[in-house]
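**Q** Next up, start_0.txt (compact mmCIF, C-alpha atoms (C1' of nucleotides)).
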# COMPACT_ATOMS: atom_id res chain seq x y z
CA MET A 1 8.95 12.65 -2.40
CA SER A 2 6.02 13.97 -4.30
CA LYS A 3 7.22 16.89 -6.33
CA SER A 4 4.09 18.95 -6.20
CA LEU A 5 3.58 19.85 -2.57
CA LEU A 6 0.19 21.09 -1.63
CA PRO A 7 -0.24 24.43 -3.38
CA LEU A 8 -0.27 22.82 -6.81
CA LEU A 9 -1.08 19.14 -6.82
CA THR A 10 0.08 17.41 -9.94
CA PRO A 11 -2.80 15.44 -11.45
CA ALA A 12 -0.91 12.17 -11.44
CA SER A 13 1.91 12.66 -9.02
CA PRO A 14 4.32 9.76 -8.60
CA VAL A 15 3.54 9.38 -4.93
CA ALA A 16 6.11 7.58 -2.85
CA CYS A 17 4.82 4.52 -1.12
CA CYS A 18 6.01 5.28 2.41
CA SER A 19 6.36 8.21 4.68
CA PRO A 20 8.64 10.63 2.80
CA LEU A 21 9.74 11.99 6.15
CA ALA A 22 11.44 8.70 6.92
CA GLN A 23 12.50 7.95 3.38
CA GLU A 24 15.12 10.61 2.92
CA PRO A 25 16.11 13.78 4.72
CA LEU A 26 13.82 16.67 3.96
CA SER A 27 15.58 19.49 2.16
CA VAL A 28 15.68 22.96 3.64
CA GLU A 29 13.33 24.19 0.93
CA GLN A 30 10.86 21.38 1.49
CA ALA A 31 10.91 21.93 5.24
CA GLU A 32 10.26 25.64 4.83
CA LEU A 33 7.39 24.85 2.49
CA VAL A 34 5.72 22.30 4.73
CA ALA A 35 6.25 23.90 8.13
CA PRO A 36 3.81 26.79 7.55
CA LEU A 37 1.07 24.30 6.69
CA LEU A 38 1.68 22.41 9.90
CA LYS A 39 1.83 25.65 11.83
CA ALA A 40 -1.55 26.61 10.44
CA LEU A 41 -2.98 23.36 11.75
CA ALA A 42 -1.07 23.46 15.02
CA ASP A 43 -3.70 25.33 16.97
CA PRO A 44 -6.65 23.72 18.74
CA VAL A 45 -9.13 26.23 17.38
CA ARG A 46 -7.92 25.94 13.80
CA LEU A 47 -7.80 22.16 14.04
CA ARG A 48 -11.43 22.12 15.12
CA LEU A 49 -12.34 24.64 12.44
CA MET A 50 -10.77 22.44 9.76
CA SER A 51 -12.54 19.40 11.16
CA LEU A 52 -15.86 21.21 11.41
CA VAL A 53 -15.67 22.32 7.81
CA ALA A 54 -14.31 19.05 6.45
CA SER A 55 -16.84 16.87 8.26
CA ARG A 56 -19.74 19.04 7.22
CA LYS A 57 -22.20 17.44 4.87
CA GLY A 58 -21.48 19.01 1.51
CA GLY A 59 -17.96 19.79 2.61
CA GLU A 60 -18.55 23.44 3.29
CA ALA A 61 -19.68 25.72 6.07
CA CYS A 62 -20.38 29.39 6.45
CA VAL A 63 -18.78 31.42 9.18
CA CYS A 64 -22.05 31.69 11.07
CA ASP A 65 -22.10 27.90 11.41
CA LEU A 66 -18.63 27.93 12.91
CA THR A 67 -18.70 30.85 15.30
CA ASP A 68 -21.26 29.21 17.57
CA ALA A 69 -19.00 26.24 18.26
CA PHE A 70 -16.45 28.41 20.04
CA ASP A 71 -16.37 30.71 23.00
CA LEU A 72 -14.39 33.23 21.02
CA SER A 73 -15.12 36.56 19.43
CA GLN A 74 -16.14 36.73 15.80
CA PRO A 75 -12.95 38.59 14.78
CA THR A 76 -10.88 35.84 16.31
CA ILE A 77 -12.67 33.15 14.33
CA SER A 78 -12.34 35.29 11.23
CA HIS A 79 -8.62 35.57 11.89
CA HIS A 80 -8.17 31.81 12.17
CA LEU A 81 -10.15 31.21 9.01
CA LYS A 82 -7.95 33.71 7.22
CA VAL A 83 -4.83 31.86 8.34
CA LEU A 84 -6.20 28.55 7.07
CA HIS A 85 -7.30 30.16 3.83
CA GLU A 86 -3.98 31.88 3.19
CA THR A 87 -2.03 28.68 3.69
CA GLY A 88 -4.25 26.95 1.15
CA LEU A 89 -6.02 24.62 3.53
CA LEU A 90 -9.42 26.24 3.14
CA ASP A 91 -11.14 27.50 0.02
CA ARG A 92 -13.39 30.50 0.32
CA GLU A 93 -16.44 31.54 -1.61
CA LYS A 94 -18.77 34.43 -1.01
CA ARG A 95 -22.44 33.84 -1.70
CA GLY A 96 -24.63 36.77 -0.91
CA VAL A 97 -23.98 37.95 2.60
CA TRP A 98 -22.45 34.66 3.60
CA VAL A 99 -18.94 33.35 3.13
CA TYR A 100 -18.51 29.62 2.71
CA TYR A 101 -15.32 27.77 3.49
CA ARG A 102 -14.40 24.41 2.02
CA ALA A 103 -11.62 22.09 3.16
CA ARG A 104 -8.83 21.30 0.71
CA THR A 105 -8.93 17.57 1.29
CA ASP A 106 -6.24 17.08 -1.32
CA ALA A 107 -3.89 19.26 0.65
CA LEU A 108 -4.76 17.45 3.87
CA ALA A 109 -4.14 14.10 2.18
CA GLU A 110 -0.75 15.19 0.91
CA LEU A 111 0.22 16.57 4.28
CA GLY A 112 -0.91 13.44 6.06
CA ALA A 113 0.98 11.27 3.61
CA LEU A 114 4.13 13.28 4.14
CA ILE A 115 3.98 12.98 7.91
CA GLY A 116 3.54 9.27 7.87
CA GLN A 117 1.49 6.51 6.37
CA PRO A 118 1.14 2.96 7.60
CA MET B 119 -11.62 8.06 15.60
CA SER B 120 -8.83 6.04 17.03
CA LYS B 121 -9.17 6.16 20.77
CA SER B 122 -5.53 5.89 21.64
CA LEU B 123 -3.89 9.01 20.30
CA LEU B 124 -0.17 8.97 20.13
CA PRO B 125 1.10 8.92 23.70
CA LEU B 126 -0.27 5.47 24.34
CA LEU B 127 -0.93 3.50 21.22
CA THR B 128 -3.32 0.65 21.75
CA PRO B 129 -1.82 -2.55 20.35
CA ALA B 130 -4.79 -3.27 18.12
CA SER B 131 -6.60 0.02 17.83
CA PRO B 132 -9.81 0.00 15.81
CA VAL B 133 -8.47 2.51 13.33
CA ALA B 134 -11.03 4.40 11.33
CA CYS B 135 -10.73 3.91 7.61
CA CYS B 136 -10.71 7.55 6.50
CA SER B 137 -9.36 10.84 7.66
CA PRO B 138 -10.86 11.31 11.12
CA LEU B 139 -10.56 15.04 10.60
CA ALA B 140 -13.20 14.89 7.91
CA GLN B 141 -15.23 12.11 9.46
CA GLU B 142 -16.63 13.94 12.45
CA PRO B 143 -15.84 17.18 14.25
CA LEU B 144 -12.83 16.90 16.48
CA SER B 145 -13.67 17.37 20.15
CA VAL B 146 -12.07 20.12 22.17
CA GLU B 147 -10.09 17.53 24.11
CA GLN B 148 -8.87 15.79 20.98
CA ALA B 149 -7.87 19.08 19.40
CA GLU B 150 -5.93 20.12 22.48
CA LEU B 151 -4.18 16.77 22.48
CA VAL B 152 -3.21 16.80 18.83
CA ALA B 153 -2.32 20.46 18.39
CA PRO B 154 0.87 20.29 20.50
CA LEU B 155 2.16 17.44 18.35
CA LEU B 156 1.58 19.45 15.21
CA LYS B 157 3.13 22.48 16.82
CA ALA B 158 6.24 20.46 17.61
CA LEU B 159 6.51 19.54 13.93
CA ALA B 160 5.58 22.98 12.68
CA ASP B 161 9.11 24.32 12.56
CA PRO B 162 11.48 23.89 9.62
CA VAL B 163 14.39 22.92 11.85
CA ARG B 164 12.40 20.37 13.83
CA LEU B 165 10.87 18.97 10.66
CA ARG B 166 14.32 18.39 9.25
CA LEU B 167 15.53 16.96 12.53
CA MET B 168 12.68 14.45 12.56
CA SER B 169 13.36 13.57 8.94
CA LEU B 170 17.09 13.24 9.53
CA VAL B 171 16.56 10.88 12.44
CA ALA B 172 13.75 8.91 10.82
CA SER B 173 15.54 8.43 7.52
CA ARG B 174 18.75 7.38 9.19
CA LYS B 175 19.82 3.82 8.62
CA GLY B 176 19.01 2.05 11.87
CA GLY B 177 16.41 4.66 12.68
CA GLU B 178 18.53 6.57 15.12
CA ALA B 179 21.07 9.36 15.23
CA CYS B 180 23.23 10.98 17.85
CA VAL B 181 23.22 14.71 18.33
CA CYS B 182 26.65 15.07 16.81
CA ASP B 183 25.28 13.69 13.54
CA LEU B 184 22.54 16.28 13.53
CA THR B 185 24.29 19.45 14.57
CA ASP B 186 26.42 19.58 11.44
CA ALA B 187 23.39 19.75 9.17
CA PHE B 188 22.36 23.13 10.53
CA ASP B 189 23.85 26.57 10.79
CA LEU B 190 22.64 26.83 14.37
CA SER B 191 24.26 26.70 17.77
CA GLN B 192 24.44 23.42 19.66
CA PRO B 193 22.10 24.65 22.43
CA THR B 194 19.50 25.53 19.82
CA ILE B 195 19.60 22.04 18.31
CA SER B 196 19.46 20.60 21.80
CA HIS B 197 16.41 22.72 22.50
CA HIS B 198 14.57 21.52 19.41
CA LEU B 199 15.39 17.91 20.20
CA LYS B 200 14.02 18.42 23.66
CA VAL B 201 10.76 19.76 22.27
CA LEU B 202 10.40 16.75 19.98
CA HIS B 203 11.26 14.39 22.80
CA GLU B 204 8.85 15.93 25.29
CA THR B 205 5.97 15.72 22.85
CA GLY B 206 6.69 12.04 22.34
CA LEU B 207 7.89 12.25 18.75
CA LEU B 208 11.47 11.29 19.53
CA ASP B 209 12.80 8.61 21.86
CA ARG B 210 16.05 9.30 23.63
CA GLU B 211 18.74 6.96 24.84
CA LYS B 212 22.08 7.79 26.36
CA ARG B 213 24.97 5.54 25.44
CA GLY B 214 28.24 6.60 26.92
CA VAL B 215 28.90 10.20 26.13
CA TRP B 216 26.50 10.18 23.23
CA VAL B 217 22.75 10.60 23.17
CA TYR B 218 20.81 8.81 20.49
CA TYR B 219 17.41 9.89 19.26
CA ARG B 220 14.94 7.60 17.55
CA ALA B 221 11.80 8.62 15.67
CA ARG B 222 8.48 7.38 16.98
CA THR B 223 7.22 6.19 13.61
CA ASP B 224 4.05 4.91 15.24
CA ALA B 225 3.26 8.40 16.46
CA LEU B 226 4.04 9.87 13.04
CA ALA B 227 1.80 7.30 11.40
CA GLU B 228 -1.09 8.07 13.71
CA LEU B 229 -0.65 11.78 13.22
CA GLY B 230 -0.49 11.40 9.46
CA ALA B 231 -3.58 9.23 9.46
CA LEU B 232 -5.48 11.76 11.50
CA ILE B 233 -4.63 14.63 9.17
CA GLY B 234 -5.69 12.81 6.07
CA GLN B 235 -5.24 9.58 4.25
CA PRO B 236 -5.96 8.83 0.59
C1' DA C 237 -32.02 55.74 0.73
C1' DT C 238 -31.89 53.69 5.46
C1' DG C 239 -31.10 50.08 8.45
C1' DG C 240 -29.47 45.80 9.70
C1' DA C 241 -26.88 41.49 9.27
C1' DA C 242 -22.53 38.87 8.05
C1' DC C 243 -17.98 39.11 7.86
C1' DA C 244 -13.40 41.44 7.62
C1' DT C 245 -9.82 44.66 9.16
C1' DC C 246 -7.29 47.46 12.56
C1' DG C 247 -4.66 48.52 16.72
C1' DA C 248 -3.33 47.10 21.10
C1' DT C 249 -1.65 43.77 24.42
C1' DG C 250 0.03 39.87 27.00
C1' DG C 251 2.14 35.58 26.33
C1' DC C 252 4.79 32.36 23.90
C1' DT C 253 9.13 30.92 21.17
C1' DG C 254 13.51 30.53 18.50
C1' DT C 255 17.97 31.95 19.14
C1' DC C 256 22.34 32.84 21.37
C1' DA C 257 26.40 33.10 24.82
C1' DA C 258 27.68 31.41 29.03
C1' DT C 259 27.75 27.82 32.10
C1' DA C 260 26.79 23.19 33.99
C1' DT C 261 26.91 18.09 33.89
C1' DA C 262 28.57 13.71 32.92
C1' DG C 263 31.35 10.25 30.81
C1' DA C 264 35.89 8.84 28.78
C1' DT C 265 40.78 9.07 28.93
C1' DG C 266 45.25 9.94 30.47
C1' DC D 267 42.67 13.80 39.85
C1' DA D 268 42.74 16.63 35.62
C1' DT D 269 41.12 17.27 31.27
C1' DC D 270 38.68 16.86 27.15
C1' DT D 271 34.36 15.89 24.71
C1' DA D 272 29.34 15.50 24.15
C1' DT D 273 25.20 17.25 25.52
C1' DA D 274 21.98 19.86 28.54
C1' DT D 275 20.51 23.94 31.19
C1' DT D 276 20.09 28.83 32.16
C1' DG D 277 19.06 33.60 31.32
C1' DA D 278 18.20 37.11 28.14
C1' DC D 279 16.13 39.19 24.17
C1' DA D 280 13.67 40.07 19.90
C1' DG D 281 9.96 38.71 17.20
C1' DC D 282 5.73 36.36 16.54
C1' DC D 283 0.76 35.26 17.74
C1' DA D 284 -3.94 34.56 19.83
C1' DT D 285 -7.19 37.43 21.49
C1' DC D 286 -10.13 41.38 22.13
C1' DG D 287 -12.98 45.82 21.25
C1' DA D 288 -13.85 49.06 17.88
C1' DT D 289 -14.63 50.01 13.34
C1' DG D 290 -15.11 49.17 8.29
C1' DT D 291 -17.30 46.88 4.25
C1' DT D 292 -20.68 44.56 1.65
C1' DC D 293 -24.95 42.87 0.73
C1' DC D 294 -29.94 42.33 1.49
C1' DA D 295 -34.53 44.06 2.91
C1' DT D 296 -37.69 47.53 3.82
Before anything else, please render the file you have as structure tokens.

**A**
Amino acid sequence: MSKSLLPLLTPASPVACCSPLAQEPLSVEQAELVAPLLKALADPVRLRLMSLVASRKGGEACVCDLTDAFDLSQPTISHHLKVLHETGLLDREKRGVWVYYRARTDALAELGALIGQP
Amino acid sequence: MSKSLLPLLTPASPVACCSPLAQEPLSVEQAELVAPLLKALADPVRLRLMSLVASRKGGEACVCDLTDAFDLSQPTISHHLKVLHETGLLDREKRGVWVYYRARTDALAELGALIGQP
DNA sequence: ATGGAACATCGATGGCTGTCAATATAGATG
DNA sequence: CATCTATATTGACAGCCATCGATGTTCCAT
């Protein structure tokens, strides 16, 4: 399996060719490292938030762009964004009054590759 | 995005070439369909269970093979296997006294592709 | 400075979930 | 039938989590 695991991608990681999940049993440490990332994504609102940010032209979106897409309070959206940010799936940058979030596509790619690739 | 989504894979689905997550915003329905699958995987024990089964030679394992790998009670392992089975990530087959679980690699592949592919 | 706008934090609450011990079921074996 | 073995189900409990309203913080404009 790739040694890096999302938080710190190695520049040229010796990526395995097939789903690491099926290649060899995941170690306890690996499982406890990956599970929180999946848990962060395992919510319909956060999934849509990630997708909204990632699919945005320019790859980033401010909170005001996101809040309108949901029938939820602003604190709730802020909470979900915090979860995604703290797990390393979203980058955050403050510009003036606005806060812009950017998807960590590298992290998503690594996660996706770990789950399964064709 | 692929129209099928795990439960019923279309034989020749017109798979999108790049991470659907970043391609266009996930719909509410899609998000609510995918999130439970991620939630099922978003637990260290279940992640290891999936990996143990998937990496097994022959692609299947009986419960007795799995229980030993954890410091958990048999009902707890049984519970986790049930969760994975009910979400469609594990197939189940009873043979005599033993129950064999088999990983749905097609489902894993679709999930992985949706999260992100290189 | 004063006010307002964008976003975050706090505290509370109802619901979900991982775990266990106890018990049930079902198949094999004597 | 009686018993043992493999697995599932049940009921209970503690801890986590999504959500909200209220409030705080930071920055811009007037």

**Q** I'd like the superposed chain A, fitted onto chain B by least squares over all Cα atoms in order, as a CSV table (one decimal) with C-alpha atoms, in the frame of the given file.

**A**
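New file part_9.csv:
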chain,number,residue,atom,x,y,z
A,1,MET,CA,-11.5,8.1,15.7
A,2,SER,CA,-8.8,6.0,17.1
A,3,LYS,CA,-9.1,6.1,20.8
A,4,SER,CA,-5.5,5.9,21.7
A,5,LEU,CA,-3.9,9.0,20.4
A,6,LEU,CA,-0.2,9.0,20.1
A,7,PRO,CA,1.1,8.8,23.7
A,8,LEU,CA,-0.2,5.4,24.2
A,9,LEU,CA,-1.0,3.4,21.1
A,10,THR,CA,-3.4,0.6,21.7
A,11,PRO,CA,-1.9,-2.6,20.3
A,12,ALA,CA,-4.9,-3.3,18.0
A,13,SER,CA,-6.7,0.0,17.7
A,14,PRO,CA,-9.9,0.0,15.7
A,15,VAL,CA,-8.5,2.5,13.2
A,16,ALA,CA,-11.0,4.4,11.2
A,17,CYS,CA,-10.7,4.0,7.5
A,18,CYS,CA,-10.7,7.6,6.4
A,19,SER,CA,-9.4,10.9,7.6
A,20,PRO,CA,-10.8,11.3,11.1
A,21,LEU,CA,-10.6,15.0,10.6
A,22,ALA,CA,-13.2,14.9,7.9
A,23,GLN,CA,-15.2,12.1,9.5
A,24,GLU,CA,-16.6,13.9,12.5
A,25,PRO,CA,-15.8,17.2,14.3
A,26,LEU,CA,-12.8,16.9,16.5
A,27,SER,CA,-13.7,17.4,20.2
A,28,VAL,CA,-12.1,20.2,22.2
A,29,GLU,CA,-10.1,17.6,24.1
A,30,GLN,CA,-8.9,15.8,21.0
A,31,ALA,CA,-7.9,19.1,19.4
A,32,GLU,CA,-5.9,20.2,22.5
A,33,LEU,CA,-4.2,16.8,22.5
A,34,VAL,CA,-3.2,16.8,18.8
A,35,ALA,CA,-2.3,20.5,18.4
A,36,PRO,CA,0.9,20.3,20.5
A,37,LEU,CA,2.2,17.4,18.4
A,38,LEU,CA,1.6,19.4,15.2
A,39,LYS,CA,3.1,22.5,16.8
A,40,ALA,CA,6.2,20.4,17.6
A,41,LEU,CA,6.5,19.5,13.9
A,42,ALA,CA,5.6,23.0,12.7
A,43,ASP,CA,9.1,24.3,12.5
A,44,PRO,CA,11.5,23.9,9.6
A,45,VAL,CA,14.4,22.9,11.8
A,46,ARG,CA,12.4,20.4,13.8
A,47,LEU,CA,10.9,18.9,10.7
A,48,ARG,CA,14.3,18.4,9.2
A,49,LEU,CA,15.5,16.9,12.5
A,50,MET,CA,12.7,14.4,12.6
A,51,SER,CA,13.4,13.5,8.9
A,52,LEU,CA,17.1,13.2,9.5
A,53,VAL,CA,16.6,10.9,12.4
A,54,ALA,CA,13.7,8.9,10.8
A,55,SER,CA,15.5,8.4,7.5
A,56,ARG,CA,18.8,7.4,9.2
A,57,LYS,CA,19.8,3.8,8.7
A,58,GLY,CA,19.0,2.0,11.9
A,59,GLY,CA,16.4,4.7,12.7
A,60,GLU,CA,18.6,6.6,15.2
A,61,ALA,CA,21.1,9.4,15.3
A,62,CYS,CA,23.2,11.0,17.9
A,63,VAL,CA,23.2,14.7,18.4
A,64,CYS,CA,26.7,15.1,16.8
A,65,ASP,CA,25.3,13.7,13.6
A,66,LEU,CA,22.5,16.3,13.5
A,67,THR,CA,24.3,19.5,14.6
A,68,ASP,CA,26.4,19.6,11.4
A,69,ALA,CA,23.4,19.7,9.2
A,70,PHE,CA,22.4,23.1,10.5
A,71,ASP,CA,23.9,26.5,10.8
A,72,LEU,CA,22.6,26.8,14.3
A,73,SER,CA,24.3,26.7,17.7
A,74,GLN,CA,24.4,23.5,19.6
A,75,PRO,CA,22.1,24.7,22.4
A,76,THR,CA,19.5,25.6,19.8
A,77,ILE,CA,19.6,22.1,18.3
A,78,SER,CA,19.5,20.6,21.8
A,79,HIS,CA,16.4,22.8,22.5
A,80,HIS,CA,14.6,21.5,19.4
A,81,LEU,CA,15.4,17.9,20.2
A,82,LYS,CA,14.0,18.4,23.7
A,83,VAL,CA,10.8,19.8,22.3
A,84,LEU,CA,10.4,16.7,20.0
A,85,HIS,CA,11.3,14.4,22.8
A,86,GLU,CA,8.9,15.9,25.3
A,87,THR,CA,6.0,15.7,22.9
A,88,GLY,CA,6.7,12.0,22.3
A,89,LEU,CA,7.9,12.2,18.8
A,90,LEU,CA,11.5,11.3,19.5
A,91,ASP,CA,12.8,8.6,21.9
A,92,ARG,CA,16.1,9.3,23.6
A,93,GLU,CA,18.8,7.0,24.9
A,94,LYS,CA,22.1,7.8,26.4
A,95,ARG,CA,25.0,5.6,25.4
A,96,GLY,CA,28.3,6.6,26.9
A,97,VAL,CA,29.0,10.2,26.1
A,98,TRP,CA,26.5,10.2,23.2
A,99,VAL,CA,22.8,10.6,23.2
A,100,TYR,CA,20.8,8.8,20.5
A,101,TYR,CA,17.4,9.9,19.3
A,102,ARG,CA,15.0,7.6,17.6
A,103,ALA,CA,11.8,8.6,15.7
A,104,ARG,CA,8.5,7.4,17.0
A,105,THR,CA,7.2,6.2,13.7
A,106,ASP,CA,4.0,4.9,15.3
A,107,ALA,CA,3.2,8.4,16.5
A,108,LEU,CA,4.0,9.9,13.1
A,109,ALA,CA,1.8,7.3,11.4
A,110,GLU,CA,-1.1,8.1,13.8
A,111,LEU,CA,-0.7,11.8,13.2
A,112,GLY,CA,-0.5,11.4,9.5
A,113,ALA,CA,-3.6,9.2,9.5
A,114,LEU,CA,-5.5,11.8,11.5
A,115,ILE,CA,-4.6,14.6,9.2
A,116,GLY,CA,-5.7,12.8,6.1
A,117,GLN,CA,-5.3,9.6,4.3
A,118,PRO,CA,-6.1,8.9,0.6

**Q** Which residues of stretch 171-235 of chain B come within 9 Å of stretch 269-277 of chain D, and what is each one's closest atom pair and distance in Å (one decimal), counting only C-alpha atoms (C1' of nucleotides), sorted by chain and residue number, as a Markdown table?

**A**
| residue | atom | partner | partner_atom | distance |
| --- | --- | --- | --- | --- |
| B:Val181 | CA | D:DT273 | C1' | 7.9 |
| B:Cys182 | CA | D:DA272 | C1' | 7.8 |
| B:Gln192 | CA | D:DT273 | C1' | 8.5 |
| B:Pro193 | CA | D:DA274 | C1' | 7.8 |
| B:Ser196 | CA | D:DA274 | C1' | 7.2 |
| B:His197 | CA | D:DA274 | C1' | 8.7 |
| B:Val215 | CA | D:DA272 | C1' | 5.7 |
| B:Trp216 | CA | D:DA272 | C1' | 6.1 |
| B:Val217 | CA | D:DT273 | C1' | 7.5 |

**Q** For atom C1' of C:DG254 and atom CA of A:Leu33, quote the distance in Å rounded to one decimal.

**A**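 Atom-to-atom, atom C1' of C:DG254 and atom CA of A:Leu33 are spaced 18.1 Å apart.
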
**Q** Applying 8 Å and only C-alpha atoms (C1' of nucleotides), which residues near A:Leu84 remain after dropping the ones on its own chain fewer than 3 positions away? List them as a VMD selection string.

**A** chain A and resid 40 to 41 46 80 to 81 87 to 90

**Q** Between atom CA of A:Gly58 and atom CA of A:Tyr100, what is the distance, to one decimal in Å?

**A**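 It comes out at 11.1 Å.
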
**Q** Using Å and a single decimal, report how far atom CA of B:Ile233 sits from atom CA of A:Arg102.

**A**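 Interatomic distance, atom CA of A:Arg102 to atom CA of B:Ile233: 15.6 Å.
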
**Q** Need the shell around D:DT296: protein/DNA/RNA residues with any atom at most 12 Å away, counting only C-alpha atoms (C1' of nucleotides). Skip same-chain ones fewer than 6 positions apart. Format as a list of chain:residue names?

**A** C:DA237, C:DT238, C:DG239, C:DG240

**Q** Could you pull out every residue with an atom within 10 Å of (-10.6, 14.6, 5.8), file coordinates, counting all atoms listed in the file, and send them as a VMD selection string?

**A** (chain A and resid 50 to 51 53 to 55 59 103 to 109 112) or (chain B and resid 136 to 142 231 to 236)

**Q** Find the residue from D:DC293, D:DC279, D:DC267, D:DC286 that sits nearest to C:DA257; use all atoms listed in the file when measuring.

**A**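 So, comparing all the options, the nearest one is D:DC279.
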
**Q** Hey, list the chain C side of the contact with chain B: 9 Å cut-off, all atoms listed in the file, answer as an MDAnalysis selection string.

**A** chainID C and resid 254:256 262:264

**Q** Just to be explicit: take each residue in the selection above, keep C-alpha atoms (C1' of nucleotides), and write the result as an mmCIF file, in the frame of the given file.

**A**
data_model
loop_
_atom_site.group_PDB
_atom_site.id
_atom_site.type_symbol
_atom_site.label_atom_id
_atom_site.label_comp_id
_atom_site.auth_asym_id
_atom_site.auth_seq_id
_atom_site.Cartn_x
_atom_site.Cartn_y
_atom_site.Cartn_z
ATOM 1 C "C1'" DG C 254 13.510 30.530 18.500
ATOM 2 C "C1'" DT C 255 17.970 31.950 19.140
ATOM 3 C "C1'" DC C 256 22.340 32.840 21.370
ATOM 4 C "C1'" DA C 262 28.570 13.710 32.920
ATOM 5 C "C1'" DG C 263 31.350 10.250 30.810
ATOM 6 C "C1'" DA C 264 35.890 8.840 28.780
#

**Q** Identify which of the residues A:Leu26, A:Leu38, A:Ala69, A:Val45 lies closest to chain D, counting all atoms listed in the file when measuring atom-to-atom distances.

**A** A:Val45

**Q** Find the residues in chain D near chain A: any atom within 12 Å counts, using all atoms listed in the file. Write them as a PyMOL selection string.

**A** chain D and resi 283-289+291-294

**Q** Just to be explicit: take each residue in the selection above, keep C-alpha atoms (C1' of nucleotides), and write the result as a PDB file, in the frame of the given file.

**A**
ATOM      1  C1'  DC D 283       0.760  35.260  17.740  1.00  0.00           C
ATOM      2  C1'  DA D 284      -3.940  34.560  19.830  1.00  0.00           C
ATOM      3  C1'  DT D 285      -7.190  37.430  21.490  1.00  0.00           C
ATOM      4  C1'  DC D 286     -10.130  41.380  22.130  1.00  0.00           C
ATOM      5  C1'  DG D 287     -12.980  45.820  21.250  1.00  0.00           C
ATOM      6  C1'  DA D 288     -13.850  49.060  17.880  1.00  0.00           C
ATOM      7  C1'  DT D 289     -14.630  50.010  13.340  1.00  0.00           C
ATOM      8  C1'  DT D 291     -17.300  46.880   4.250  1.00  0.00           C
ATOM      9  C1'  DT D 292     -20.680  44.560   1.650  1.00  0.00           C
ATOM     10  C1'  DC D 293     -24.950  42.870   0.730  1.00  0.00           C
ATOM     11  C1'  DC D 294     -29.940  42.330   1.490  1.00  0.00           C
TER      12       DC D 294
END

**Q** When you look at B:Val146 with a cut-off of 10 Å (counting only C-alpha atoms (C1' of nucleotides)), what residues show up, excluding the ones that are within fewer than 4 positions of it in the same chain? I need them as a count of residues only.

**A** 7

**Q** Just checking: using only C-alpha atoms, which residue out of A:Ala42, A:Glu60, A:Glu29, A:Leu66 ends up closest to chain B?

**A**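 Of A:Ala42, A:Glu60, A:Glu29, A:Leu66, the one nearest chain B, counting only C-alpha atoms, is A:Ala42.
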
**Q** Restricting the calculation to only C-alpha atoms, which member of B:Lys175, B:Leu170, B:Lys200, B:Glu211 is positioned closest to chain A?

**A**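 Using only C-alpha atoms, the shortest distance to chain A belongs to B:Leu170.
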
**Q** Give the answer as one residue: which of A:Glu110, A:Gln30, A:Tyr101, A:Pro25 has the shortest atom-to-atom distance to B:Leu167, using only C-alpha atoms?

**A**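 Under the stated criterion, the closest residue is A:Pro25.
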